[in-house]
file work-v2.cif (mmCIF, C-alpha atoms)
data_upload
loop_
_atom_site.label_atom_id
_atom_site.label_comp_id
_atom_site.auth_asym_id
_atom_site.auth_seq_id
_atom_site.Cartn_x
_atom_site.Cartn_y
_atom_site.Cartn_z
CA MET A 135 25.79 40.92 -37.66
CA SER A 136 27.97 38.44 -35.72
CA VAL A 137 28.96 38.95 -32.12
CA PHE A 138 31.88 37.08 -30.57
CA SER A 139 33.46 37.00 -27.12
CA THR A 140 36.98 36.07 -26.05
CA PRO A 141 39.49 36.51 -23.21
CA ALA A 142 42.08 39.15 -24.15
CA ILE A 143 45.08 41.13 -22.92
CA LEU A 144 45.24 44.82 -23.81
CA LEU A 145 48.47 45.56 -25.72
CA ARG A 146 48.06 49.08 -27.04
CA ARG A 147 45.51 51.90 -27.13
CA THR A 148 45.45 54.95 -29.38
CA SER A 149 43.05 57.88 -29.39
CA TYR A 150 40.86 58.17 -32.47
CA GLY A 151 39.05 61.47 -32.82
CA ASP A 152 37.69 63.15 -29.71
CA TYR A 153 35.96 60.20 -28.04
CA ASP A 154 36.97 56.88 -29.62
CA LEU A 155 39.86 54.54 -28.96
CA ILE A 156 41.54 52.07 -31.28
CA ILE A 157 42.75 49.19 -29.18
CA THR A 158 45.00 46.24 -29.96
CA PHE A 159 44.42 43.09 -27.93
CA LEU A 160 46.05 39.70 -27.82
CA THR A 161 43.03 37.42 -27.66
CA LEU A 162 42.91 33.72 -26.91
CA GLU A 163 40.67 32.88 -29.82
CA LYS A 164 41.54 35.36 -32.55
CA GLY A 165 45.20 36.16 -31.89
CA LYS A 166 46.12 39.83 -32.31
CA LEU A 167 42.92 41.80 -32.75
CA THR A 168 42.50 45.53 -33.34
CA VAL A 169 39.07 46.92 -32.48
CA ILE A 170 37.43 50.32 -32.19
CA ALA A 171 35.83 51.30 -28.87
CA LYS A 172 33.33 54.01 -29.71
CA ASN A 173 32.80 56.79 -27.15
CA ALA A 174 35.25 54.96 -24.86
CA LYS A 175 36.90 58.18 -23.63
CA LYS A 176 33.69 59.64 -22.27
CA SER A 177 32.05 56.36 -21.24
CA ARG A 178 31.35 56.18 -17.51
CA LYS A 179 29.45 52.92 -17.47
CA ARG A 180 30.71 50.63 -20.21
CA PHE A 181 34.46 51.23 -20.23
CA SER A 182 35.34 53.40 -17.23
CA GLY A 183 38.66 52.20 -15.73
CA VAL A 184 38.51 49.00 -17.77
CA LEU A 185 40.56 49.65 -20.91
CA GLU A 186 43.99 49.91 -19.28
CA LEU A 187 47.24 48.54 -20.68
CA PHE A 188 48.12 44.93 -19.79
CA SER A 189 44.72 44.22 -18.18
CA LEU A 190 43.28 40.75 -18.66
CA LEU A 191 39.74 41.26 -19.93
CA HIS A 192 36.80 39.38 -21.32
CA LEU A 193 35.63 41.08 -24.51
CA VAL A 194 32.39 41.10 -26.41
CA CYS A 195 32.82 42.49 -29.94
CA ARG A 196 30.64 42.94 -32.96
CA ALA A 197 32.31 41.93 -36.21
CA SER A 198 32.01 44.59 -38.84
CA ARG A 199 30.57 44.11 -42.26
CA GLY A 200 33.24 44.28 -44.93
CA ARG A 201 36.76 45.37 -44.06
CA GLY A 202 36.09 47.62 -41.06
CA MET A 203 37.44 46.98 -37.59
CA PRO A 204 35.32 44.98 -35.11
CA VAL A 205 33.51 47.21 -32.61
CA LEU A 206 34.10 46.63 -28.89
CA GLN A 207 30.71 46.33 -27.20
CA GLU A 208 31.61 45.21 -23.69
CA ALA A 209 34.76 44.57 -21.64
CA THR A 210 34.95 43.00 -18.19
CA ILE A 211 38.10 42.95 -16.07
CA GLU A 212 39.32 39.46 -15.13
CA ASP A 213 42.64 40.64 -13.69
CA PRO A 214 43.87 44.27 -13.90
CA PHE A 215 47.48 43.33 -12.98
CA SER A 216 47.41 46.62 -11.10
CA ASP A 217 50.83 46.23 -9.43
CA ILE A 218 52.53 46.46 -12.84
CA ARG A 219 51.37 50.04 -13.41
CA GLY A 220 52.63 51.15 -10.00
CA ASN A 221 56.23 50.33 -10.90
CA ILE A 222 58.00 51.97 -13.84
CA MET A 223 60.43 49.07 -14.35
CA LYS A 224 57.61 46.51 -14.47
CA THR A 225 55.65 48.80 -16.83
CA ALA A 226 58.69 49.10 -19.10
CA TYR A 227 59.19 45.32 -19.31
CA ALA A 228 55.47 44.68 -19.93
CA SER A 229 55.50 47.39 -22.63
CA TYR A 230 58.47 45.71 -24.32
CA TRP A 231 56.69 42.35 -24.44
CA ALA A 232 53.47 43.97 -25.67
CA GLU A 233 55.38 45.84 -28.40
CA LEU A 234 57.09 42.66 -29.60
CA ILE A 235 53.73 40.91 -29.90
CA THR A 236 52.08 43.89 -31.61
CA PHE A 237 54.91 44.13 -34.11
CA TRP A 238 55.46 40.43 -34.74
CA LEU A 239 52.02 38.85 -34.97
CA GLU A 240 49.64 38.99 -37.89
CA GLU A 241 46.12 40.28 -37.32
CA GLU A 242 43.48 37.65 -36.45
CA LYS A 243 45.76 34.57 -36.58
CA THR A 244 45.19 32.46 -33.45
CA GLN A 245 48.28 32.27 -31.23
CA ALA A 246 47.11 30.52 -28.07
CA ARG A 247 50.66 29.64 -26.92
CA ILE A 248 51.77 33.27 -27.09
CA TYR A 249 48.59 34.33 -25.28
CA HIS A 250 49.30 31.88 -22.42
CA LEU A 251 52.98 32.95 -22.33
CA LEU A 252 52.10 36.64 -22.02
CA ARG A 253 49.41 35.92 -19.43
CA TYR A 254 51.86 33.87 -17.36
CA CYS A 255 54.60 36.53 -17.56
CA LEU A 256 52.24 39.43 -16.72
CA ALA A 257 50.77 37.50 -13.76
CA ALA A 258 54.26 36.70 -12.43
CA LEU A 259 55.39 40.31 -12.99
CA ASP A 260 52.33 41.58 -11.12
CA GLU A 261 52.89 39.10 -8.29
CA GLY A 262 56.54 40.19 -7.99
CA VAL A 263 57.95 36.81 -6.97
CA ILE A 264 60.20 36.52 -10.05
CA ASP A 265 62.65 39.27 -11.00
CA ALA A 266 61.43 41.32 -14.01
CA GLY A 267 64.72 40.70 -15.88
CA VAL A 268 64.42 36.93 -15.37
CA LEU A 269 60.83 37.07 -16.66
CA SER A 270 62.02 38.99 -19.71
CA VAL A 271 64.57 36.25 -20.46
CA ILE A 272 61.83 33.63 -20.11
CA PHE A 273 59.39 35.64 -22.26
CA GLN A 274 61.86 36.33 -25.07
CA ILE A 275 63.26 32.84 -25.36
CA ARG A 276 59.82 31.20 -25.34
CA PHE A 277 58.42 33.83 -27.70
CA LEU A 278 61.27 33.36 -30.19
CA THR A 279 60.77 29.59 -30.02
CA ILE A 280 57.01 29.87 -30.73
CA ALA A 281 57.70 32.40 -33.51
CA GLY A 282 60.02 29.88 -35.20
CA LEU A 283 63.20 31.85 -34.58
CA SER A 284 64.52 29.77 -31.73
CA PRO A 285 68.23 30.36 -31.09
CA ASP A 286 70.20 27.09 -31.00
CA PHE A 287 71.94 26.65 -27.66
CA SER A 288 72.35 22.88 -27.93
CA GLN A 289 75.55 22.76 -30.03
CA CYS A 290 78.20 24.87 -31.74
CA SER A 291 76.50 26.16 -34.88
CA LYS A 292 79.65 25.59 -36.97
CA CYS A 293 81.43 22.40 -35.79
CA ARG A 294 78.23 20.83 -34.26
CA VAL A 295 79.93 19.84 -30.97
CA ASP A 296 77.36 19.48 -28.13
CA THR A 297 77.28 22.36 -25.61
CA ASP A 298 78.16 19.97 -22.78
CA LEU A 299 81.30 18.85 -24.59
CA ILE A 300 82.58 22.33 -25.47
CA ALA A 301 85.69 23.22 -23.44
CA GLY A 302 85.92 26.50 -21.48
CA SER A 303 83.45 28.51 -19.41
CA ARG A 304 82.65 31.24 -22.00
CA LEU A 305 80.91 30.80 -25.34
CA ALA A 306 80.12 33.14 -28.20
CA PHE A 307 76.76 33.76 -29.87
CA GLU A 308 76.49 34.75 -33.52
CA LEU A 309 73.36 36.78 -34.29
CA ALA A 310 73.25 35.96 -38.01
CA LYS A 311 73.41 32.20 -37.42
CA GLY A 312 71.23 32.36 -34.32
CA GLY A 313 73.45 29.91 -32.47
CA ILE A 314 76.38 29.53 -30.12
CA LEU A 315 79.97 29.06 -31.18
CA CYS A 316 82.76 27.23 -29.38
CA GLN A 317 85.92 29.24 -28.74
CA ARG A 318 87.75 27.73 -31.71
CA CYS A 319 84.95 28.56 -34.21
CA ALA A 320 84.30 31.95 -32.56
CA SER A 321 87.81 33.14 -33.37
CA LYS A 322 86.87 33.05 -37.09
CA SER A 323 83.60 34.93 -36.61
CA ALA A 324 83.52 38.74 -36.79
CA SER A 325 80.25 39.71 -35.02
CA ARG A 326 79.51 37.87 -31.82
CA LEU A 327 78.36 38.31 -28.22
CA ASN A 328 79.95 36.56 -25.27
CA ILE A 329 77.99 34.55 -22.73
CA SER A 330 78.81 32.07 -19.98
CA LYS A 331 78.33 28.37 -20.61
CA GLY A 332 76.20 28.17 -17.44
CA MET A 333 73.78 30.80 -18.80
CA VAL A 334 73.57 29.00 -22.16
CA LYS A 335 72.56 25.82 -20.34
CA GLN A 336 69.90 27.72 -18.40
CA LEU A 337 68.52 29.24 -21.62
CA LEU A 338 68.41 25.75 -23.11
CA TRP A 339 66.54 24.56 -20.04
CA ILE A 340 63.95 27.37 -20.37
CA GLN A 341 63.44 26.44 -24.03
CA ASN A 342 62.74 22.80 -23.26
CA ASN A 343 60.81 22.84 -19.99
CA ASP A 344 57.35 23.72 -18.78
CA LEU A 345 56.68 27.35 -17.81
CA LYS A 346 55.58 26.32 -14.32
CA THR A 347 58.99 24.80 -13.57
CA VAL A 348 61.15 27.64 -14.91
CA ARG A 349 60.38 29.83 -11.89
CA ARG A 350 62.76 27.60 -9.91
CA LEU A 351 65.72 28.89 -11.92
CA LYS A 352 68.25 31.11 -10.17
CA PHE A 353 70.48 33.48 -12.14
CA ASN A 354 73.52 35.40 -10.99
CA ARG A 355 73.46 39.12 -11.95
CA PRO A 356 76.28 39.17 -14.57
CA ASP A 357 74.88 36.07 -16.30
CA LEU A 358 71.36 37.54 -16.32
CA LYS A 359 72.68 40.77 -17.83
CA ASP A 360 74.53 38.80 -20.55
CA GLY A 361 71.37 36.79 -21.27
CA LEU A 362 69.25 39.94 -21.61
CA VAL A 363 71.82 41.64 -23.87
CA LEU A 364 72.00 38.56 -26.09
CA LEU A 365 68.25 38.04 -26.44
CA GLU A 366 67.46 41.73 -26.95
CA ALA A 367 70.17 41.97 -29.64
CA PHE A 368 68.78 38.83 -31.31
CA VAL A 369 65.24 40.27 -31.28
CA MET A 370 66.50 43.56 -32.77
CA TYR A 371 68.45 41.66 -35.44
CA HIS A 372 65.25 39.99 -36.62
CA LEU A 373 62.99 43.02 -36.21
CA GLY A 374 65.43 45.23 -38.09
CA ARG A 375 64.95 48.04 -35.60
CA GLU A 376 65.13 48.80 -31.89
CA PRO A 377 61.67 48.66 -30.24
CA LYS A 378 60.75 52.03 -28.65
CA SER A 379 60.02 50.39 -25.31
CA LEU A 380 63.46 48.73 -25.34
CA LYS A 381 65.08 52.17 -25.79
CA PHE A 382 63.04 53.36 -22.79
CA LEU A 383 63.95 50.26 -20.77
CA ASN A 384 67.64 50.80 -21.46
CA SER A 385 67.36 54.44 -20.36
CA ILE A 386 66.04 53.51 -16.90
CA ARG A 387 67.68 50.12 -16.27
CA MET G 90 31.09 76.13 -51.88
CA ASN G 91 32.54 77.46 -55.14
CA HIS G 92 29.47 79.68 -55.46
CA TYR G 93 30.80 81.93 -52.65
CA PRO G 94 33.29 84.75 -53.25
CA ALA G 95 36.94 83.89 -52.53
CA PRO G 96 37.20 85.72 -49.12
CA ILE G 97 34.25 83.70 -47.76
CA ILE G 98 35.70 80.45 -49.09
CA ARG G 99 38.95 81.34 -47.32
CA VAL G 100 37.15 81.85 -43.98
CA ILE G 101 35.15 78.61 -44.43
CA HIS G 102 38.36 76.74 -45.21
CA ASN G 103 40.08 78.10 -42.06
CA PHE G 104 37.14 77.38 -39.76
CA GLY G 105 37.04 73.87 -41.20
CA LYS G 106 40.55 73.23 -39.82
CA LEU G 107 39.32 73.58 -36.22
CA PRO G 108 38.55 70.43 -34.21
CA GLY G 109 34.93 69.30 -34.36
CA ILE G 110 34.04 71.77 -37.14
CA GLY G 111 32.77 70.25 -40.38
CA GLY G 112 32.07 71.92 -43.72
CA LYS G 113 28.48 72.91 -42.92
CA THR G 114 29.30 74.39 -39.50
CA ALA G 115 32.24 76.29 -41.03
CA GLU G 116 29.87 77.72 -43.64
CA ARG G 117 27.36 78.73 -40.97
CA LEU G 118 30.05 80.45 -38.86
CA ALA G 119 31.37 82.33 -41.89
CA MET G 120 27.87 83.54 -42.79
CA HIS G 121 27.30 84.56 -39.16
CA LEU G 122 30.46 86.70 -39.19
CA LEU G 123 29.42 88.26 -42.47
CA ASN G 124 26.19 89.46 -40.87
CA ALA G 125 27.77 90.44 -37.51
CA PRO G 126 28.87 94.05 -36.72
CA GLU G 127 32.33 94.90 -38.07
CA ALA G 128 33.63 95.66 -34.54
CA ASP G 129 32.86 92.10 -33.42
CA CYS G 130 34.74 90.66 -36.41
CA LEU G 131 37.76 92.90 -35.77
CA GLU G 132 37.78 92.01 -32.07
CA LEU G 133 37.71 88.28 -32.96
CA SER G 134 40.56 88.60 -35.44
CA ALA G 135 42.62 90.77 -33.03
CA SER G 136 42.13 88.30 -30.16
CA ILE G 137 43.24 85.39 -32.34
CA GLY G 138 46.27 87.40 -33.49
CA ALA G 139 47.23 88.22 -29.89
CA LEU G 140 46.90 84.58 -28.81
CA LYS G 141 50.11 83.41 -30.43
CA LYS G 142 52.03 86.63 -29.74
CA SER G 143 51.33 87.08 -26.03
CA VAL G 144 50.84 83.59 -24.56
CA GLY G 145 53.92 81.70 -23.40
CA LEU G 146 54.93 79.44 -20.53
CA CYS G 147 55.35 80.51 -16.90
CA SER G 148 59.05 80.33 -16.05
CA GLN G 149 58.33 78.57 -12.74
CA CYS G 150 55.48 76.10 -13.21
CA PHE G 151 55.36 75.90 -17.05
CA ALA G 152 51.63 76.70 -17.18
CA LEU G 153 50.31 78.93 -19.97
CA SER G 154 50.87 82.56 -19.08
CA ASP G 155 50.83 86.03 -20.65
CA GLY G 156 53.81 87.17 -18.55
CA ASP G 157 57.00 85.72 -17.07
CA LEU G 158 54.99 84.31 -14.15
CA CYS G 159 51.45 82.91 -14.29
CA LYS G 160 48.75 84.27 -11.95
CA ILE G 161 49.19 81.38 -9.50
CA CYS G 162 52.99 81.65 -9.21
CA ALA G 163 52.76 85.45 -8.89
CA SER G 164 50.06 85.31 -6.20
CA PRO G 165 51.30 86.22 -2.68
CA VAL G 166 48.58 84.17 -0.98
CA ARG G 167 49.53 80.73 -2.38
CA ASP G 168 51.38 78.30 -0.11
CA ARG G 169 54.89 78.07 -1.61
CA ALA G 170 55.90 75.02 0.43
CA ILE G 171 53.45 72.68 -1.36
CA LEU G 172 53.92 71.62 -4.95
CA CYS G 173 51.32 69.75 -6.98
CA VAL G 174 52.74 67.82 -9.94
CA VAL G 175 50.30 67.52 -12.87
CA GLU G 176 50.59 66.37 -16.47
CA ASN G 177 49.26 69.46 -18.28
CA GLN G 178 47.33 72.72 -18.16
CA ALA G 179 43.92 71.00 -18.34
CA ASP G 180 44.70 68.95 -15.20
CA MET G 181 45.86 72.08 -13.37
CA VAL G 182 42.66 73.91 -14.32
CA ALA G 183 40.57 70.94 -13.09
CA ILE G 184 42.28 71.05 -9.67
CA GLU G 185 41.92 74.83 -9.50
CA LYS G 186 38.19 74.54 -10.24
CA SER G 187 37.84 72.16 -7.28
CA GLY G 188 38.99 75.01 -5.00
CA ALA G 189 40.62 72.44 -2.71
CA TYR G 190 44.24 73.38 -3.29
CA THR G 191 46.16 76.53 -2.39
CA GLY G 192 49.77 75.61 -3.20
CA LEU G 193 51.84 75.92 -6.38
CA TYR G 194 52.01 73.63 -9.42
CA HIS G 195 54.58 71.93 -11.59
CA LEU G 196 53.46 70.91 -15.09
CA LEU G 197 55.36 67.93 -16.48
CA GLY G 198 54.28 68.48 -20.08
CA GLY G 199 53.63 64.75 -20.61
CA LEU G 200 53.86 61.36 -18.94
CA LEU G 201 56.42 58.58 -19.15
CA SER G 202 55.38 56.15 -21.87
CA PRO G 203 57.65 53.21 -22.67
CA MET G 204 55.74 52.32 -25.86
CA ASP G 205 56.20 55.84 -27.25
CA ASN G 206 59.76 56.07 -25.88
CA ILE G 207 58.86 59.12 -23.79
CA GLY G 208 61.51 58.86 -21.11
CA PRO G 209 62.44 60.92 -18.01
CA ASN G 210 64.44 63.37 -20.16
CA ASP G 211 61.43 64.13 -22.37
CA ILE G 212 59.26 65.53 -19.56
CA ARG G 213 60.09 68.16 -16.92
CA ILE G 214 61.38 65.88 -14.16
CA ARG G 215 64.82 67.50 -14.02
CA ASP G 216 63.14 70.92 -13.63
CA LEU G 217 61.07 69.50 -10.77
CA ILE G 218 64.15 68.21 -8.96
CA SER G 219 65.98 71.49 -9.53
CA LYS G 220 62.96 73.41 -8.16
CA ILE G 221 62.94 71.21 -5.04
CA GLU G 222 66.66 71.72 -4.51
CA LYS G 223 66.41 75.51 -4.83
CA ASN G 224 63.25 76.10 -2.77
CA THR G 225 61.91 75.04 0.60
CA ILE G 226 59.25 72.51 -0.34
CA ARG G 227 57.44 70.67 2.46
CA GLU G 228 55.19 68.42 0.38
CA VAL G 229 54.99 67.22 -3.23
CA ILE G 230 51.54 66.00 -4.29
CA ILE G 231 51.71 63.77 -7.37
CA ALA G 232 48.45 64.36 -9.24
CA THR G 233 49.06 62.53 -12.51
CA GLY G 234 46.20 60.44 -13.96
CA THR G 235 45.38 56.95 -12.76
CA ASN G 236 46.03 55.21 -16.08
CA VAL G 237 49.18 53.11 -16.61
CA GLU G 238 51.26 56.10 -17.79
CA GLY G 239 50.09 58.28 -14.88
CA GLU G 240 50.71 55.62 -12.23
CA SER G 241 54.13 54.65 -13.55
CA THR G 242 55.17 58.32 -13.81
CA ALA G 243 54.06 58.82 -10.20
CA SER G 244 56.10 55.78 -9.17
CA TYR G 245 59.19 57.08 -11.01
CA ILE G 246 58.91 60.58 -9.51
CA SER G 247 58.42 59.20 -6.03
CA THR G 248 61.58 57.06 -6.42
CA ARG G 249 63.59 60.05 -7.70
CA LEU G 250 62.44 62.28 -4.82
CA SER G 251 62.81 59.69 -2.07
CA GLY G 252 66.18 61.11 -0.93
CA TYR G 253 64.85 64.63 -0.29
CA PRO G 254 63.55 65.76 3.13
CA LEU G 255 59.91 66.26 2.12
CA SER G 256 56.63 64.43 2.18
CA ILE G 257 55.57 62.80 -1.12
CA THR G 258 51.84 62.15 -1.47
CA ARG G 259 49.61 60.77 -4.22
CA ILE G 260 46.06 62.00 -4.87
CA ALA G 261 43.47 59.45 -3.70
CA SER G 262 41.27 57.57 -6.13
CA GLY G 263 37.79 56.30 -5.40
CA VAL G 264 34.10 56.39 -6.21
CA PRO G 265 33.03 59.59 -8.05
CA MET G 266 30.32 61.80 -6.50
CA GLY G 267 26.89 60.71 -7.71
CA GLY G 268 28.49 57.49 -8.97
CA ASP G 269 26.76 54.15 -9.07
CA LEU G 270 28.88 51.45 -7.40
CA LYS G 271 27.97 48.78 -9.91
CA TYR G 272 29.57 50.79 -12.71
CA VAL G 273 32.85 51.44 -10.86
CA ASP G 274 35.77 49.27 -11.96
CA GLN G 275 37.32 46.84 -9.49
CA VAL G 276 40.71 48.61 -9.20
CA THR G 277 39.02 51.90 -8.21
CA LEU G 278 36.71 50.11 -5.75
CA LYS G 279 39.68 48.28 -4.19
CA LYS G 280 41.49 51.60 -3.72
CA ALA G 281 38.32 53.21 -2.36
CA MET G 282 37.93 50.43 0.20
CA GLU G 283 41.59 50.65 1.22
CA ALA G 284 41.36 54.43 1.69
CA ARG G 285 38.01 54.41 3.57
CA HIS G 286 37.71 56.83 6.48
CA ALA G 287 35.81 56.99 9.75
CA LEU G 288 32.58 59.02 9.88
#
call {"tool": "encode", "arguments": {"input": "work-v2.cif", "output": "structure tokens"}}
result
Amino acid sequence: MSVFSTPAILLRRTSYGDYDLIITFLTLEKGKLTVIAKNAKKSRKRFSGVLELFSLLHLVCRASRGRGMPVLQEATIEDPFSDIRGNIMKTAYASYWAELITFWLEEEKTQARIYHLLRYCLAALDEGVIDAGVLSVIFQIRFLTIAGLSPDFSQCSKCRVDTDLIAGSRLAFELAKGGILCQRCASKSASRLNISKGMVKQLLWIQNNDLKTVRRLKFNRPDLKDGLVLLEAFVMYHLGREPKSLKFLNSIR
Amino acid sequence: MNHYPAPIIRVIHNFGKLPGIGGKTAERLAMHLLNAPEADCLELSASIGALKKSVGLCSQCFALSDGDLCKICASPVRDRAILCVVENQADMVAIEKSGAYTGLYHLLGGLLSPMDNIGPNDIRIRDLISKIEKNTIREVIIATGTNVEGESTASYISTRLSGYPLSITRIASGVPMGGDLKYVDQVTLKKAMEARHAL
């Protein structure tokens, strides 16, 4: 009977029967991990106030024999990120990120970079020093890059002219190609989104620089809105559906 | 089970649909009813029949009620200027059992949940606002749970009501009676310390 421990972020919890919970975590060592927490709903000592969405925890689990889910034995709070839950907009953004990870990642495949990305974004969201929309841009672009679906902002995806050399202040983005288009190539493309050249350069900068430095970025409101629309549409294009939390986010934003 | 006559199998099958009732318990209950006086069995079946027919929602607070108004909304002694917002009937009953509240209630019928796409239009927030606009309410107490859904719903309601001339309060959270401090989570303890009072 093997027991393992790992830092983890709680992504989703679902009731199972009268007393148990099935919980999905993003763990540092085992990637996405779904476990069962027996008697968690009536527990006053082991799990009381601990198993809350987006909390950073340290888990101790017992691996099951055969194909069953691991059983959660102990969970200790490292950071509850409690300011997120007190703000509906922050909760909605955190839910969107958690849903993307839950949907996109395979079970028990280590994804340390995504773990560190989510931890960074939740900590910054909790702290409140970076706008939630800006954090969502940072999260999505870095997440897509790690997932191997990085949009190409460096050049026109048709004529291959560098972004810096493209004339004009507005560019187009083609979802199917996952890249920008200069104005000349965009006129031949049917489905595209418009975005400012300045925003494209900022997205490129986020893709290529360290997370600690991206908090220096400043966005103007219309550019930020364009960036969010573009990235959310790109995510939906690849998911093949609209995440539930994104529908919610759009209803309150 | 096939050894029983069909009417008993039918009763066992129906008991087995209830939460927490397995095959053996269902069998035991069926055999108990078979041996019980006929009047008791008829009373049980009549009460179950009446449950669906006569229980509806109170037109004011949306609690379960057997008339247009529930007992609390119809009571002349309740303070009509205070409104306590709760998620569901069970939460309202818990507050009533405490005996610490004498105002009226508003049942939301759920909590905001981004991951399940339960938005403001899916719970009774519009009814709450309309109730506040039509009545003289002095205080709204938000008594949703302290999990993420409860806290974010409280935050949303408080934002929506911020323009109205009333006091918006949130139930306190802290150490439970008879609780052992070492088993209390750090968020609860932090809130308990922040809301400490003089003795």
call {"tool": "residues_around", "arguments": {"input": "work-v2.cif", "residues": "Leu185 (chain A)", "least_positions_apart": "4", "cutoff": "10 Å", "atoms": "all atoms listed in the file", "output": "ChimeraX atom specification"}}
result
/A:143-144,146-147,155,157,171,174-175,180-181,189-191,209-211,214 /G:236
call {"tool": "closest_residue", "arguments": {"input": "work-v2.cif", "among": "A:Asp357, A:Asp260, A:Glu163, A:Asp152", "to": "Glu242 (chain A)", "atoms": "only C-alpha atoms"}}
result
A:Glu163
call {"tool": "residues_around", "arguments": {"input": "work-v2.cif", "residues": "region 308-312 of chain A", "least_positions_apart": "5", "cutoff": "6 Å", "atoms": "only C-alpha atoms", "output": "ChimeraX atom specification"}}
result
/A:285,326,368
call {"tool": "residues_around", "arguments": {"input": "work-v2.cif", "residues": "Asp269 (chain G)", "least_positions_apart": "4", "cutoff": "12 Å", "atoms": "all atoms listed in the file", "output": "list of chain:residue names"}}
result
A:Arg178, A:Lys179, A:Ser182, G:Gly263, G:Val264, G:Pro265, G:Val273, G:Asp274, G:Leu278
call {"tool": "write_last_selection", "arguments": {"input": "work-v2.cif", "atoms": "C-alpha atoms", "output": "PDB file, in the frame of the given file"}}
result
ATOM      1  CA  ARG A 178      31.350  56.180 -17.510  1.00  0.00           C
ATOM      2  CA  LYS A 179      29.450  52.920 -17.470  1.00  0.00           C
ATOM      3  CA  SER A 182      35.340  53.400 -17.230  1.00  0.00           C
TER       4      SER A 182
ATOM      5  CA  GLY G 263      37.790  56.300  -5.400  1.00  0.00           C
ATOM      6  CA  VAL G 264      34.100  56.390  -6.210  1.00  0.00           C
ATOM      7  CA  PRO G 265      33.030  59.590  -8.050  1.00  0.00           C
ATOM      8  CA  VAL G 273      32.850  51.440 -10.860  1.00  0.00           C
ATOM      9  CA  ASP G 274      35.770  49.270 -11.960  1.00  0.00           C
ATOM     10  CA  LEU G 278      36.710  50.110  -5.750  1.00  0.00           C
TER      11      LEU G 278
END
call {"tool": "interface_residues", "arguments": {"input": "work-v2.cif", "of": "chain A", "to": "chain G", "cutoff": "10 Å", "atoms": "all atoms listed in the file", "output": "MDAnalysis selection string"}}
result
chainID A and resid 145:146 151:152 178:188 210:230 232:233 377:383 385:386
call {"tool": "atom_distance", "arguments": {"input": "work-v2.cif", "atom1": "CA of Leu140 (chain G)", "atom2": "CA of Gly156 (chain G)"}}
result
12.6 Å
call {"tool": "resolve_selection", "arguments": {"input": "work-v2.cif", "expression": "the PyMOL selection byres ((chain G and resi 175-185) around 12)", "output": "number ranges by chain"}}
result
G: 146-147, 150-154, 159-161, 167, 172-174, 186-201, 212-214, 217, 229-235, 238-240, 242-243, 246, 259-260
call {"tool": "atom_distance", "arguments": {"input": "work-v2.cif", "atom1": "CA of Glu208 (chain A)", "atom2": "CA of Ser139 (chain A)"}}
result
9.1 Å
call {"tool": "resolve_selection", "arguments": {"input": "work-v2.cif", "expression": "the PyMOL selection byres ((chain A and resi 358-362) around 10)", "output": "short mmCIF file (atom, residue, chain, number, x, y, z; two decimals) with C-alpha atoms, keeping the file's coordinate frame"}}
result
data_model
loop_
_atom_site.label_atom_id
_atom_site.label_comp_id
_atom_site.auth_asym_id
_atom_site.auth_seq_id
_atom_site.Cartn_x
_atom_site.Cartn_y
_atom_site.Cartn_z
CA GLY A 267 64.72 40.70 -15.88
CA VAL A 268 64.42 36.93 -15.37
CA SER A 270 62.02 38.99 -19.71
CA VAL A 271 64.57 36.25 -20.46
CA ILE A 272 61.83 33.63 -20.11
CA GLN A 274 61.86 36.33 -25.07
CA ILE A 275 63.26 32.84 -25.36
CA LEU A 327 78.36 38.31 -28.22
CA ASN A 328 79.95 36.56 -25.27
CA ILE A 329 77.99 34.55 -22.73
CA SER A 330 78.81 32.07 -19.98
CA MET A 333 73.78 30.80 -18.80
CA VAL A 334 73.57 29.00 -22.16
CA GLN A 336 69.90 27.72 -18.40
CA LEU A 337 68.52 29.24 -21.62
CA LYS A 352 68.25 31.11 -10.17
CA PHE A 353 70.48 33.48 -12.14
CA ASN A 354 73.52 35.40 -10.99
CA ARG A 355 73.46 39.12 -11.95
CA PRO A 356 76.28 39.17 -14.57
CA ASP A 357 74.88 36.07 -16.30
CA VAL A 363 71.82 41.64 -23.87
CA LEU A 364 72.00 38.56 -26.09
CA LEU A 365 68.25 38.04 -26.44
CA GLU A 366 67.46 41.73 -26.95
CA ALA A 367 70.17 41.97 -29.64
CA PHE A 368 68.78 38.83 -31.31
#
call {"tool": "closest_residue", "arguments": {"input": "work-v2.cif", "among": "A:Trp238, A:Trp231, A:Leu269, A:Gln245", "to": "Lys164 (chain A)", "atoms": "only C-alpha atoms"}}
result
A:Gln245
call {"tool": "atom_distance", "arguments": {"input": "work-v2.cif", "atom1": "CA of Arg349 (chain A)", "atom2": "CA of Leu162 (chain A)"}}
result
23.4 Å
call {"tool": "resolve_selection", "arguments": {"input": "work-v2.cif", "expression": "the PyMOL selection byres ((chain G and resi 254-257) around 6)", "output": "ChimeraX atom specification"}}
result
/G:227-229,253,258
call {"tool": "residues_near_point", "arguments": {"input": "work-v2.cif", "point": "(69.4, 22.6, -31.0)", "cutoff": "12 Å", "atoms": "only C-alpha atoms", "output": "PyMOL selection string"}}
result
chain A and resi 279+283-291+294-297+312-314+334-335+337-339+341-342
call {"tool": "closest_residue", "arguments": {"input": "work-v2.cif", "among": "A:Ala246, A:Ala142, A:Leu206, A:Val194", "to": "Asn173 (chain A)", "atoms": "only C-alpha atoms"}}
result
A:Leu206
call {"tool": "axis_aligned_box", "arguments": {"input": "work-v2.cif", "around": "region 291-299 of chain A", "padding_each_side": "4 Å", "output": "lines of an AutoDock Vina configuration file"}}
result
center_x = 79.0
center_y = 22.5
center_z = -29.9
size_x = 12.9
size_y = 15.3
size_z = 22.2
